[in-house]
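*Asks:* Sharing entry01.pdb here; it has PDB, C-alpha atoms and all ligand atoms.
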ATOM      1  CA  MET A1279     108.771 101.851 116.555  1.00  0.00           C
ATOM      2  CA  ARG A1280     108.497 105.579 115.972  1.00  0.00           C
ATOM      3  CA  ILE A1281     107.657 107.187 112.613  1.00  0.00           C
ATOM      4  CA  ASP A1282     107.971 110.953 112.166  1.00  0.00           C
ATOM      5  CA  ILE A1283     106.225 112.299 109.083  1.00  0.00           C
ATOM      6  CA  LEU A1284     107.253 115.735 107.755  1.00  0.00           C
ATOM      7  CA  THR A1285     104.642 117.429 105.584  1.00  0.00           C
ATOM      8  CA  VAL A1286     103.157 120.710 104.415  1.00  0.00           C
ATOM      9  CA  MET A1287      99.663 119.119 104.401  1.00  0.00           C
ATOM     10  CA  PRO A1288      99.193 117.459 107.819  1.00  0.00           C
ATOM     11  CA  GLU A1289      95.392 117.352 107.319  1.00  0.00           C
ATOM     12  CA  MET A1290      95.851 114.738 104.584  1.00  0.00           C
ATOM     13  CA  LEU A1291      97.293 112.302 107.120  1.00  0.00           C
ATOM     14  CA  GLU A1292      94.774 112.713 109.908  1.00  0.00           C
ATOM     15  CA  SER A1293      92.264 110.027 109.060  1.00  0.00           C
ATOM     16  CA  PRO A1294      94.553 107.344 107.569  1.00  0.00           C
ATOM     17  CA  LEU A1295      96.757 107.438 110.671  1.00  0.00           C
ATOM     18  CA  ASN A1296      93.912 107.453 113.156  1.00  0.00           C
ATOM     19  CA  CYS A1297      91.770 104.526 112.030  1.00  0.00           C
ATOM     20  CA  SER A1298      91.894 100.772 112.161  1.00  0.00           C
ATOM     21  CA  ILE A1299      95.259  99.047 112.586  1.00  0.00           C
ATOM     22  CA  LEU A1300      97.367 102.211 112.771  1.00  0.00           C
ATOM     23  CA  LYS A1301      95.127 103.584 115.499  1.00  0.00           C
ATOM     24  CA  ARG A1302      95.217 100.304 117.430  1.00  0.00           C
ATOM     25  CA  ALA A1303      99.014 100.016 117.153  1.00  0.00           C
ATOM     26  CA  GLN A1304      99.418 103.499 118.618  1.00  0.00           C
ATOM     27  CA  GLU A1305      96.907 102.857 121.403  1.00  0.00           C
ATOM     28  CA  LYS A1306      98.770  99.666 122.337  1.00  0.00           C
ATOM     29  CA  GLY A1307     102.039 101.636 122.452  1.00  0.00           C
ATOM     30  CA  LEU A1308     103.578  99.474 119.699  1.00  0.00           C
ATOM     31  CA  ALA A1309     103.964 102.367 117.282  1.00  0.00           C
ATOM     32  CA  GLN A1310     104.227 106.105 117.670  1.00  0.00           C
ATOM     33  CA  ILE A1311     103.431 108.163 114.598  1.00  0.00           C
ATOM     34  CA  CYS A1312     104.105 111.896 114.832  1.00  0.00           C
ATOM     35  CA  VAL A1313     103.146 114.334 112.110  1.00  0.00           C
ATOM     36  CA  HIS A1314     105.114 117.583 111.811  1.00  0.00           C
ATOM     37  CA  ASN A1315     103.864 120.572 109.866  1.00  0.00           C
ATOM     38  CA  LEU A1316     106.859 122.062 108.062  1.00  0.00           C
ATOM     39  CA  ARG A1317     105.175 125.468 108.195  1.00  0.00           C
ATOM     40  CA  ASP A1318     105.864 125.436 111.957  1.00  0.00           C
ATOM     41  CA  TYR A1319     109.574 125.633 111.079  1.00  0.00           C
ATOM     42  CA  THR A1320     109.355 128.802 108.985  1.00  0.00           C
ATOM     43  CA  HIS A1321     110.201 132.263 110.280  1.00  0.00           C
ATOM     44  CA  ASP A1322     108.285 134.560 107.964  1.00  0.00           C
ATOM     45  CA  ARG A1323     104.788 135.996 108.291  1.00  0.00           C
ATOM     46  CA  HIS A1324     103.431 133.900 105.405  1.00  0.00           C
ATOM     47  CA  ARG A1325     104.934 130.635 106.694  1.00  0.00           C
ATOM     48  CA  LYS A1326     106.439 130.058 103.272  1.00  0.00           C
ATOM     49  CA  VAL A1327     107.707 126.528 102.644  1.00  0.00           C
ATOM     50  CA  ASP A1328     108.323 126.852  98.897  1.00  0.00           C
ATOM     51  CA  ASP A1329     109.941 129.213  96.432  1.00  0.00           C
ATOM     52  CA  TYR A1330     110.611 129.653  92.703  1.00  0.00           C
ATOM     53  CA  PRO A1331     113.157 127.308  91.129  1.00  0.00           C
ATOM     54  CA  PHE A1332     116.543 128.647  90.081  1.00  0.00           C
ATOM     55  CA  GLY A1333     116.939 128.393  86.326  1.00  0.00           C
ATOM     56  CA  GLY A1334     113.414 129.481  85.537  1.00  0.00           C
ATOM     57  CA  GLU A1335     111.381 126.262  85.406  1.00  0.00           C
ATOM     58  CA  ALA A1336     107.623 126.139  86.024  1.00  0.00           C
ATOM     59  CA  GLY A1337     106.291 125.185  89.481  1.00  0.00           C
ATOM     60  CA  MET A1338     107.517 125.722  93.017  1.00  0.00           C
ATOM     61  CA  VAL A1339     110.235 123.966  95.005  1.00  0.00           C
ATOM     62  CA  MET A1340     110.224 123.096  98.717  1.00  0.00           C
ATOM     63  CA  LYS A1341     112.809 125.108 100.644  1.00  0.00           C
ATOM     64  CA  VAL A1342     115.758 123.578 102.510  1.00  0.00           C
ATOM     65  CA  GLN A1343     115.478 125.601 105.726  1.00  0.00           C
ATOM     66  CA  PRO A1344     112.178 124.315 107.233  1.00  0.00           C
ATOM     67  CA  VAL A1345     113.174 120.694 106.507  1.00  0.00           C
ATOM     68  CA  ASP A1346     116.655 121.274 107.947  1.00  0.00           C
ATOM     69  CA  GLU A1347     115.300 122.798 111.167  1.00  0.00           C
ATOM     70  CA  CYS A1348     112.661 120.108 111.641  1.00  0.00           C
ATOM     71  CA  ILE A1349     115.070 117.198 111.096  1.00  0.00           C
ATOM     72  CA  THR A1350     117.787 118.860 113.190  1.00  0.00           C
ATOM     73  CA  GLN A1351     115.378 119.266 116.109  1.00  0.00           C
ATOM     74  CA  LEU A1352     114.175 115.658 115.849  1.00  0.00           C
ATOM     75  CA  ARG A1353     117.766 114.418 115.780  1.00  0.00           C
ATOM     76  CA  VAL A1354     118.496 116.206 119.052  1.00  0.00           C
ATOM     77  CA  GLU A1355     115.833 113.997 120.654  1.00  0.00           C
ATOM     78  CA  ARG A1356     116.821 110.619 119.127  1.00  0.00           C
ATOM     79  CA  ASP A1357     118.860 108.888 116.433  1.00  0.00           C
ATOM     80  CA  TYR A1358     117.128 107.907 113.213  1.00  0.00           C
ATOM     81  CA  ASP A1359     117.792 104.707 111.284  1.00  0.00           C
ATOM     82  CA  GLU A1360     116.542 106.168 108.013  1.00  0.00           C
ATOM     83  CA  VAL A1361     115.405 109.494 106.578  1.00  0.00           C
ATOM     84  CA  ILE A1362     113.124 108.443 103.748  1.00  0.00           C
ATOM     85  CA  PHE A1363     111.980 110.783 101.003  1.00  0.00           C
ATOM     86  CA  VAL A1364     108.755 109.612  99.366  1.00  0.00           C
ATOM     87  CA  THR A1365     108.976 110.502  95.717  1.00  0.00           C
ATOM     88  CA  PRO A1366     107.882 109.048  92.375  1.00  0.00           C
ATOM     89  CA  ASP A1367     111.542 108.656  91.339  1.00  0.00           C
ATOM     90  CA  GLY A1368     112.418 106.494  94.357  1.00  0.00           C
ATOM     91  CA  LYS A1369     112.775 102.712  94.473  1.00  0.00           C
ATOM     92  CA  THR A1370     109.411 100.996  94.178  1.00  0.00           C
ATOM     93  CA  PHE A1371     108.006  99.985  97.568  1.00  0.00           C
ATOM     94  CA  ASP A1372     107.458  96.268  98.071  1.00  0.00           C
ATOM     95  CA  GLN A1373     106.916  93.702 100.822  1.00  0.00           C
ATOM     96  CA  PRO A1374     110.640  93.016 101.498  1.00  0.00           C
ATOM     97  CA  THR A1375     111.161  96.764 102.002  1.00  0.00           C
ATOM     98  CA  ALA A1376     108.169  96.907 104.377  1.00  0.00           C
ATOM     99  CA  ASN A1377     109.576  93.921 106.293  1.00  0.00           C
ATOM    100  CA  ALA A1378     113.005  95.570 106.593  1.00  0.00           C
ATOM    101  CA  LEU A1379     111.591  98.918 107.746  1.00  0.00           C
ATOM    102  CA  SER A1380     109.386  97.226 110.375  1.00  0.00           C
ATOM    103  CA  LEU A1381     112.564  96.097 112.182  1.00  0.00           C
ATOM    104  CA  LEU A1382     113.827  99.671 112.679  1.00  0.00           C
ATOM    105  CA  ASP A1383     113.357 101.838 115.771  1.00  0.00           C
ATOM    106  CA  ASN A1384     113.018 105.357 114.361  1.00  0.00           C
ATOM    107  CA  ILE A1385     112.368 106.539 110.842  1.00  0.00           C
ATOM    108  CA  ILE A1386     111.515 109.850 109.221  1.00  0.00           C
ATOM    109  CA  LEU A1387     109.192 109.996 106.197  1.00  0.00           C
ATOM    110  CA  LEU A1388     109.581 113.237 104.287  1.00  0.00           C
ATOM    111  CA  CYS A1389     106.677 114.114 101.995  1.00  0.00           C
ATOM    112  CA  GLY A1390     107.431 116.117  98.873  1.00  0.00           C
ATOM    113  CA  HIS A1391     105.039 118.583  97.297  1.00  0.00           C
ATOM    114  CA  TYR A1392     104.911 121.071  94.441  1.00  0.00           C
ATOM    115  CA  LYS A1393     107.552 120.569  91.753  1.00  0.00           C
ATOM    116  CA  GLY A1394     109.875 118.818  94.168  1.00  0.00           C
ATOM    117  CA  ILE A1395     112.222 119.568  97.040  1.00  0.00           C
ATOM    118  CA  ASP A1396     115.484 121.468  96.900  1.00  0.00           C
ATOM    119  CA  TYR A1397     118.018 118.818  95.882  1.00  0.00           C
ATOM    120  CA  ARG A1398     120.327 119.704  98.792  1.00  0.00           C
ATOM    121  CA  ILE A1399     117.807 118.082 101.142  1.00  0.00           C
ATOM    122  CA  ARG A1400     118.229 114.835  99.257  1.00  0.00           C
ATOM    123  CA  GLU A1401     122.004 115.167  99.304  1.00  0.00           C
ATOM    124  CA  HIS A1402     122.401 116.075 102.974  1.00  0.00           C
ATOM    125  CA  PHE A1403     119.583 114.341 104.865  1.00  0.00           C
ATOM    126  CA  VAL A1404     117.900 111.618 102.850  1.00  0.00           C
ATOM    127  CA  THR A1405     119.182 108.045 103.255  1.00  0.00           C
ATOM    128  CA  ARG A1406     116.562 106.266 101.125  1.00  0.00           C
ATOM    129  CA  GLU A1407     114.013 107.246  98.461  1.00  0.00           C
ATOM    130  CA  ILE A1408     110.792 105.299  98.026  1.00  0.00           C
ATOM    131  CA  SER A1409     108.033 105.453  95.408  1.00  0.00           C
ATOM    132  CA  ILE A1410     104.733 103.618  95.817  1.00  0.00           C
ATOM    133  CA  GLY A1411     104.359 103.100  92.072  1.00  0.00           C
ATOM    134  CA  ASP A1412     104.911 104.511  88.620  1.00  0.00           C
ATOM    135  CA  TYR A1413     102.320 107.275  88.736  1.00  0.00           C
ATOM    136  CA  VAL A1414     102.448 110.806  90.083  1.00  0.00           C
ATOM    137  CA  LEU A1415     100.343 111.890  93.055  1.00  0.00           C
ATOM    138  CA  THR A1416      99.894 115.459  94.252  1.00  0.00           C
ATOM    139  CA  GLY A1417     102.189 114.953  97.205  1.00  0.00           C
ATOM    140  CA  GLY A1418     103.951 112.404  99.365  1.00  0.00           C
ATOM    141  CA  GLU A1419     101.270 112.259 102.093  1.00  0.00           C
ATOM    142  CA  LEU A1420      99.220 109.368 100.711  1.00  0.00           C
ATOM    143  CA  PRO A1421     102.397 107.385  99.910  1.00  0.00           C
ATOM    144  CA  ALA A1422     103.653 108.047 103.467  1.00  0.00           C
ATOM    145  CA  ALA A1423     100.351 106.727 104.869  1.00  0.00           C
ATOM    146  CA  VAL A1424     100.653 103.646 102.631  1.00  0.00           C
ATOM    147  CA  ILE A1425     104.197 102.982 103.842  1.00  0.00           C
ATOM    148  CA  ALA A1426     103.271 103.544 107.509  1.00  0.00           C
ATOM    149  CA  ASP A1427     100.345 101.119 107.210  1.00  0.00           C
ATOM    150  CA  ALA A1428     102.344  98.398 105.452  1.00  0.00           C
ATOM    151  CA  VAL A1429     105.176  98.690 107.995  1.00  0.00           C
ATOM    152  CA  VAL A1430     103.251  99.051 111.251  1.00  0.00           C
ATOM    153  CA  ARG A1431     100.985  96.046 110.647  1.00  0.00           C
ATOM    154  CA  LEU A1432     104.136  93.888 110.603  1.00  0.00           C
ATOM    155  CA  ILE A1433     105.239  94.872 114.111  1.00  0.00           C
ATOM    156  CA  PRO A1434     104.674  91.864 116.387  1.00  0.00           C
ATOM    157  CA  GLY A1435     101.484  92.247 118.423  1.00  0.00           C
ATOM    158  CA  VAL A1436      99.844  94.809 116.120  1.00  0.00           C
ATOM    159  CA  ILE A1437      97.661  92.314 114.305  1.00  0.00           C
ATOM    160  CA  GLY A1438      95.727  90.053 116.651  1.00  0.00           C
ATOM    161  CA  ASP A1439      96.315  86.865 114.731  1.00  0.00           C
ATOM    162  CA  GLU A1440     100.051  87.046 114.050  1.00  0.00           C
ATOM    163  CA  GLN A1441      99.770  84.380 111.408  1.00  0.00           C
ATOM    164  CA  SER A1442      97.687  86.646 109.262  1.00  0.00           C
ATOM    165  CA  ALA A1443     100.454  89.169 108.509  1.00  0.00           C
ATOM    166  CA  LEU A1444     102.742  86.314 107.504  1.00  0.00           C
ATOM    167  CA  SER A1445     100.183  84.733 105.185  1.00  0.00           C
ATOM    168  CA  ASP A1446      99.488  87.974 103.276  1.00  0.00           C
ATOM    169  CA  SER A1447      99.881  88.065  99.541  1.00  0.00           C
ATOM    170  CA  PHE A1448     103.546  88.734  98.593  1.00  0.00           C
ATOM    171  CA  GLN A1449     104.991  87.507 101.899  1.00  0.00           C
ATOM    172  CA  ASP A1450     106.300  84.395 100.116  1.00  0.00           C
ATOM    173  CA  ASN A1451     106.160  85.838  96.589  1.00  0.00           C
ATOM    174  CA  LEU A1452     102.754  84.216  96.074  1.00  0.00           C
ATOM    175  CA  LEU A1453      99.347  85.833  95.872  1.00  0.00           C
ATOM    176  CA  ALA A1454      97.014  84.767  98.698  1.00  0.00           C
ATOM    177  CA  PRO A1455      94.617  81.877  98.016  1.00  0.00           C
ATOM    178  CA  PRO A1456      90.836  82.530  97.952  1.00  0.00           C
ATOM    179  CA  VAL A1457      89.043  82.808 101.302  1.00  0.00           C
ATOM    180  CA  TYR A1458      85.363  82.236 102.136  1.00  0.00           C
ATOM    181  CA  THR A1459      83.052  82.645 105.121  1.00  0.00           C
ATOM    182  CA  ARG A1460      79.537  81.539 106.062  1.00  0.00           C
ATOM    183  CA  PRO A1461      77.144  80.565 104.596  1.00  0.00           C
ATOM    184  CA  ALA A1462      78.685  77.594 102.791  1.00  0.00           C
ATOM    185  CA  ASP A1463      75.999  77.868 100.141  1.00  0.00           C
ATOM    186  CA  TYR A1464      74.720  81.290  99.048  1.00  0.00           C
ATOM    187  CA  LYS A1465      72.143  81.196  96.258  1.00  0.00           C
ATOM    188  CA  GLY A1466      73.736  77.964  95.067  1.00  0.00           C
ATOM    189  CA  TRP A1467      77.252  79.539  95.001  1.00  0.00           C
ATOM    190  CA  LYS A1468      79.159  76.933  96.963  1.00  0.00           C
ATOM    191  CA  VAL A1469      82.342  77.106  99.010  1.00  0.00           C
ATOM    192  CA  PRO A1470      84.871  74.481  97.763  1.00  0.00           C
ATOM    193  CA  ASP A1471      84.150  71.154  99.509  1.00  0.00           C
ATOM    194  CA  ILE A1472      87.763  70.720 100.601  1.00  0.00           C
ATOM    195  CA  LEU A1473      87.483  73.724 102.984  1.00  0.00           C
ATOM    196  CA  LEU A1474      84.589  72.037 104.787  1.00  0.00           C
ATOM    197  CA  SER A1475      86.309  68.654 104.982  1.00  0.00           C
ATOM    198  CA  GLY A1476      88.167  69.244 108.257  1.00  0.00           C
ATOM    199  CA  HIS A1477      91.273  67.611 106.729  1.00  0.00           C
ATOM    200  CA  GLN A1478      93.934  70.228 107.556  1.00  0.00           C
ATOM    201  CA  ALA A1479      96.815  68.792 105.519  1.00  0.00           C
ATOM    202  CA  LYS A1480      94.649  68.584 102.405  1.00  0.00           C
ATOM    203  CA  ILE A1481      93.322  72.099 103.022  1.00  0.00           C
ATOM    204  CA  ASP A1482      96.886  73.448 103.317  1.00  0.00           C
ATOM    205  CA  GLN A1483      97.861  71.708 100.066  1.00  0.00           C
ATOM    206  CA  TRP A1484      94.754  73.118  98.330  1.00  0.00           C
ATOM    207  CA  ARG A1485      95.606  76.626  99.551  1.00  0.00           C
ATOM    208  CA  TYR A1486      99.153  76.331  98.258  1.00  0.00           C
ATOM    209  CA  ASP A1487      97.987  75.016  94.871  1.00  0.00           C
ATOM    210  CA  GLN A1488      95.472  77.849  94.580  1.00  0.00           C
ATOM    211  CA  ALA A1489      98.077  80.457  95.530  1.00  0.00           C
ATOM    212  CA  LEU A1490     100.439  79.074  92.898  1.00  0.00           C
ATOM    213  CA  GLU A1491      97.745  78.932  90.219  1.00  0.00           C
ATOM    214  CA  ARG A1492      96.580  82.509  90.895  1.00  0.00           C
ATOM    215  CA  THR A1493     100.156  83.813  90.927  1.00  0.00           C
ATOM    216  CA  ARG A1494     100.979  82.028  87.656  1.00  0.00           C
ATOM    217  CA  ARG A1495      97.828  83.432  86.030  1.00  0.00           C
ATOM    218  CA  LEU A1496      97.798  86.978  87.455  1.00  0.00           C
ATOM    219  CA  ARG A1497     101.414  87.809  88.392  1.00  0.00           C
ATOM    220  CA  PRO A1498     103.799  85.426  86.588  1.00  0.00           C
ATOM    221  CA  ASP A1499     106.553  88.024  87.156  1.00  0.00           C
ATOM    222  CA  LEU A1500     106.570  87.088  90.864  1.00  0.00           C
ATOM    223  CA  LEU A1501     107.601  83.559  89.892  1.00  0.00           C
ATOM    224  CA  GLY A1502     110.248  84.840  87.490  1.00  0.00           C
ATOM    225  CA  GLU A1503     108.218  83.452  84.575  1.00  0.00           C
TER     226      GLU A1503
HETATM  227  N1  LIG B1601     104.772 111.620  95.378  1.00  0.00           N
HETATM  228  C1  LIG B1601     104.033 111.788  94.283  1.00  0.00           C
HETATM  229  N2  LIG B1601     103.803 110.642  93.655  1.00  0.00           N
HETATM  230  C2  LIG B1601     104.423 109.666  94.393  1.00  0.00           C
HETATM  231  C3  LIG B1601     104.550 108.264  94.260  1.00  0.00           C
HETATM  232  N3  LIG B1601     104.024 107.586  93.245  1.00  0.00           N
HETATM  233  N4  LIG B1601     105.263 107.604  95.207  1.00  0.00           N
HETATM  234  C4  LIG B1601     105.823 108.281  96.223  1.00  0.00           C
HETATM  235  N5  LIG B1601     105.736 109.610  96.389  1.00  0.00           N
HETATM  236  C5  LIG B1601     105.039 110.303  95.484  1.00  0.00           C
END
Please re-express this file's structure in structure tokens.
*Replies:*
Amino acid sequence: MRIDILTVMPEMLESPLNCSILKRAQEKGLAQICVHNLRDYTHDRHRKVDDYPFGGEAGMVMKVQPVDECITQLRVERDYDEVIFVTPDGKTFDQPTANALSLLDNIILLCGHYKGIDYRIREHFVTREISIGDYVLTGGELPAAVIADAVVRLIPGVIGDEQSALSDSFQDNLLAPPVYTRPADYKGWKVPDILLSGHQAKIDQWRYDQALERTRRLRPDLLGE
């Protein structure tokens, strides 16, 4: 899978994209993540990517032209399944959306900044708008990194133990059950006996019961309650 991220702040993406799972996925050739600085698509001395809004509102607006030229150039090289604008007024990102995006070949993530982007970009290029939650961040870079992480870890082969992506919280609308590691007794704080019993069917049942209990207590909305 290839993800192209369009931004005016490429520095913000450097470390999230080059650590841990995202780094490993790229090294294994399972994902290619390319960051494009929209300032490289300007033609003026100041590399201006924003301008004053028509109608006299406060704040600056991202210009159409650098985004147009960047996307147009990328489209010459390949077809894109989605051009996604990350914005607080998009549809809230969730696990089913991450699952669906992980099946695609090529996507563009467009990061907004300032007051917003010229609406013509949304009308003429954007196929989907995603928010990572009902709060406003300074720009779309951190949301783009969140989306890239959630999507790339689902690509087969990216996570060593393939089971582990499938047993994540939310994958079946349940929160994950508690997990423990050695020692079995730390200062008298004991791991539940059932996990040490070696009885796999009973352990699986315990895990399911715990997942259900935690979901009911912490996120009843996931159960439609
Ligand atoms: N840009 C600023 N805030 C955002 C959010 N919550 N989700 C996606 N993009 C954003």
*Asks:* Report as CSV: every residue of chain A with an atom at most 6 Å from ligand LIG 1601 (chain B), its closest pair of atoms, and their distance in Å to one decimal, counting only C-alpha atoms and all ligand atoms, with rows sorted by chain and ascending residue number.
*Replies:*
residue,atom,partner,partner_atom,distance
A:Val1364,CA,B:LIG1601,N5,4.2
A:Thr1365,CA,B:LIG1601,N5,3.4
A:Pro1366,CA,B:LIG1601,C3,3.9
A:Ser1409,CA,B:LIG1601,N4,3.5
A:Ile1410,CA,B:LIG1601,N4,4.1
A:Gly1411,CA,B:LIG1601,N3,4.6
A:Asp1412,CA,B:LIG1601,N3,5.6
A:Tyr1413,CA,B:LIG1601,N3,4.8
A:Val1414,CA,B:LIG1601,N2,3.8
A:Leu1415,CA,B:LIG1601,N2,3.7
A:Thr1416,CA,B:LIG1601,C1,5.5
A:Gly1417,CA,B:LIG1601,N1,4.6
A:Gly1418,CA,B:LIG1601,N1,4.1
A:Pro1421,CA,B:LIG1601,C4,5.1
*Asks:* Considering only C-alpha atoms, can you say which of A:Ser1298, A:Thr1493, A:Asn1315, A:Thr1285 comes closest to Leu1452 in chain A?
*Replies:*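 Looking at the shortest contact to Leu1452 in chain A, the residue is A:Thr1493.
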*Asks:* CA of Arg1460 in chain A to CA of Ala1428 in chain A: how many Å, to one decimal?
*Replies:* 28.4 Å
*Asks:* Need to verify the contact set: range 1341-1357 of chain A, 10 Å, only C-alpha atoms, exclusion of same-chain residues closer than 5 positions in sequence. Can you return it as a PyMOL selection string?
*Replies:* chain A and resi 1282+1284-1285+1314-1321+1325-1331+1383-1386+1388+1394-1400+1402-1403
*Asks:* Select, from A:Arg1494, A:Met1279, A:Leu1501, A:Thr1405, the residue with the minimum atom-to-atom distance to Ile1433 in chain A, counting all atoms listed in the file.
*Replies:*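 The answer is A:Met1279, which sits nearest to Ile1433 in chain A.
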*Asks:* Could you tell me how far CA of Asn1377 in chain A lies from CA of Leu1432 in chain A, in Å and to one decimal?
*Replies:*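 Taking CA of Asn1377 in chain A and CA of Leu1432 in chain A, their separation equals 6.9 Å.
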*Asks:* Give, as lines of an AutoDock Vina configuration file, the centre coordinates and the x, y and z edge lengths in Å to one decimal for an axis-aligned box around all listed atoms of range 1467-1478 of chain A, padded by 8 Å on each side.
*Replies:*
center_x = 85.6
center_y = 73.6
center_z = 101.6
size_x = 32.7
size_y = 27.9
size_z = 29.3
*Asks:* Find the residue from A:Gly1307, A:Arg1485, A:Arg1495, A:Ala1423 that sits nearest to Leu1295 in chain A; use only C-alpha atoms when measuring.
*Replies:*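 The answer is A:Ala1423, which sits nearest to Leu1295 in chain A.
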*Asks:* Just to confirm, what's the straight-line distance from CA of Val1339 in chain A to CA of Ile1283 in chain A in Å (one decimal)?
*Replies:*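 Answer for the CA of Val1339 in chain A to CA of Ile1283 in chain A separation: 18.7 Å.
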*Asks:* Here's the selection I'm unsure about, the PyMOL selection byres (((chain A and resi 1449) around 12) and not hetatm); applied to the file above, which residues does it give, as a PyMOL selection string?
*Replies:* chain A and resi 1372-1377+1428+1432+1441-1448+1450-1454+1489+1500
*Asks:* Go ahead and write the residues just picked, C-alpha atoms, as a PDB file, in the coordinates of the input.
*Replies:*
ATOM      1  CA  ASP A1372     107.458  96.268  98.071  1.00  0.00           C
ATOM      2  CA  GLN A1373     106.916  93.702 100.822  1.00  0.00           C
ATOM      3  CA  PRO A1374     110.640  93.016 101.498  1.00  0.00           C
ATOM      4  CA  THR A1375     111.161  96.764 102.002  1.00  0.00           C
ATOM      5  CA  ALA A1376     108.169  96.907 104.377  1.00  0.00           C
ATOM      6  CA  ASN A1377     109.576  93.921 106.293  1.00  0.00           C
ATOM      7  CA  ALA A1428     102.344  98.398 105.452  1.00  0.00           C
ATOM      8  CA  LEU A1432     104.136  93.888 110.603  1.00  0.00           C
ATOM      9  CA  GLN A1441      99.770  84.380 111.408  1.00  0.00           C
ATOM     10  CA  SER A1442      97.687  86.646 109.262  1.00  0.00           C
ATOM     11  CA  ALA A1443     100.454  89.169 108.509  1.00  0.00           C
ATOM     12  CA  LEU A1444     102.742  86.314 107.504  1.00  0.00           C
ATOM     13  CA  SER A1445     100.183  84.733 105.185  1.00  0.00           C
ATOM     14  CA  ASP A1446      99.488  87.974 103.276  1.00  0.00           C
ATOM     15  CA  SER A1447      99.881  88.065  99.541  1.00  0.00           C
ATOM     16  CA  PHE A1448     103.546  88.734  98.593  1.00  0.00           C
ATOM     17  CA  ASP A1450     106.300  84.395 100.116  1.00  0.00           C
ATOM     18  CA  ASN A1451     106.160  85.838  96.589  1.00  0.00           C
ATOM     19  CA  LEU A1452     102.754  84.216  96.074  1.00  0.00           C
ATOM     20  CA  LEU A1453      99.347  85.833  95.872  1.00  0.00           C
ATOM     21  CA  ALA A1454      97.014  84.767  98.698  1.00  0.00           C
ATOM     22  CA  ALA A1489      98.077  80.457  95.530  1.00  0.00           C
ATOM     23  CA  LEU A1500     106.570  87.088  90.864  1.00  0.00           C
TER      24      LEU A1500
END
*Asks:* Hey, which of A:Asp1487, A:Leu1387, A:Val1436, A:Leu1474 ends up closest to Pro1461 in chain A? Count all atoms listed in the file.
*Replies:*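 Comparing A:Asp1487, A:Leu1387, A:Val1436, A:Leu1474 against Pro1461 in chain A, the winner is A:Leu1474.
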*Asks:* I need the output of the PyMOL selection byres (((chain A and resi 1310) around 7) and not hetatm) for this file as a ChimeraX atom specification; which residues are they?
*Replies:* /A:1279-1281,1304,1307-1309,1311-1312
*Asks:* For the file shown, report as a ChimeraX atom specification the outcome of the PyMOL selection byres (((chain A and resi 1406) around 8) and not hetatm) at residue level.
*Replies:* /A:1360-1363,1368,1404-1405,1407-1408
*Asks:* What does the file look like for those residues with C-alpha atoms, as a short mmCIF file (atom, residue, chain, number, x, y, z; two decimals), in the frame of the given file?
*Replies:*
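Final output, saved to part.cif:
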data_model
loop_
_atom_site.label_atom_id
_atom_site.label_comp_id
_atom_site.auth_asym_id
_atom_site.auth_seq_id
_atom_site.Cartn_x
_atom_site.Cartn_y
_atom_site.Cartn_z
CA GLU A 1360 116.54 106.17 108.01
CA VAL A 1361 115.40 109.49 106.58
CA ILE A 1362 113.12 108.44 103.75
CA PHE A 1363 111.98 110.78 101.00
CA GLY A 1368 112.42 106.49 94.36
CA VAL A 1404 117.90 111.62 102.85
CA THR A 1405 119.18 108.04 103.26
CA GLU A 1407 114.01 107.25 98.46
CA ILE A 1408 110.79 105.30 98.03
#
*Asks:* Give the answer as one residue: which of A:Ala1479, A:Met1290, A:Met1338, A:Cys1389 has the shortest atom-to-atom distance to Ala1422 in chain A, using all atoms listed in the file?
*Replies:*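 So, comparing all the options, the nearest one is A:Cys1389.
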*Asks:* Looking at A:Met1287, A:Gly1476, A:Ala1426, A:Pro1455, which one is nearest to Arg1492 in chain A, with distances taken over all atoms listed in the file?
*Replies:*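 The closest residue to Arg1492 in chain A is A:Pro1455.
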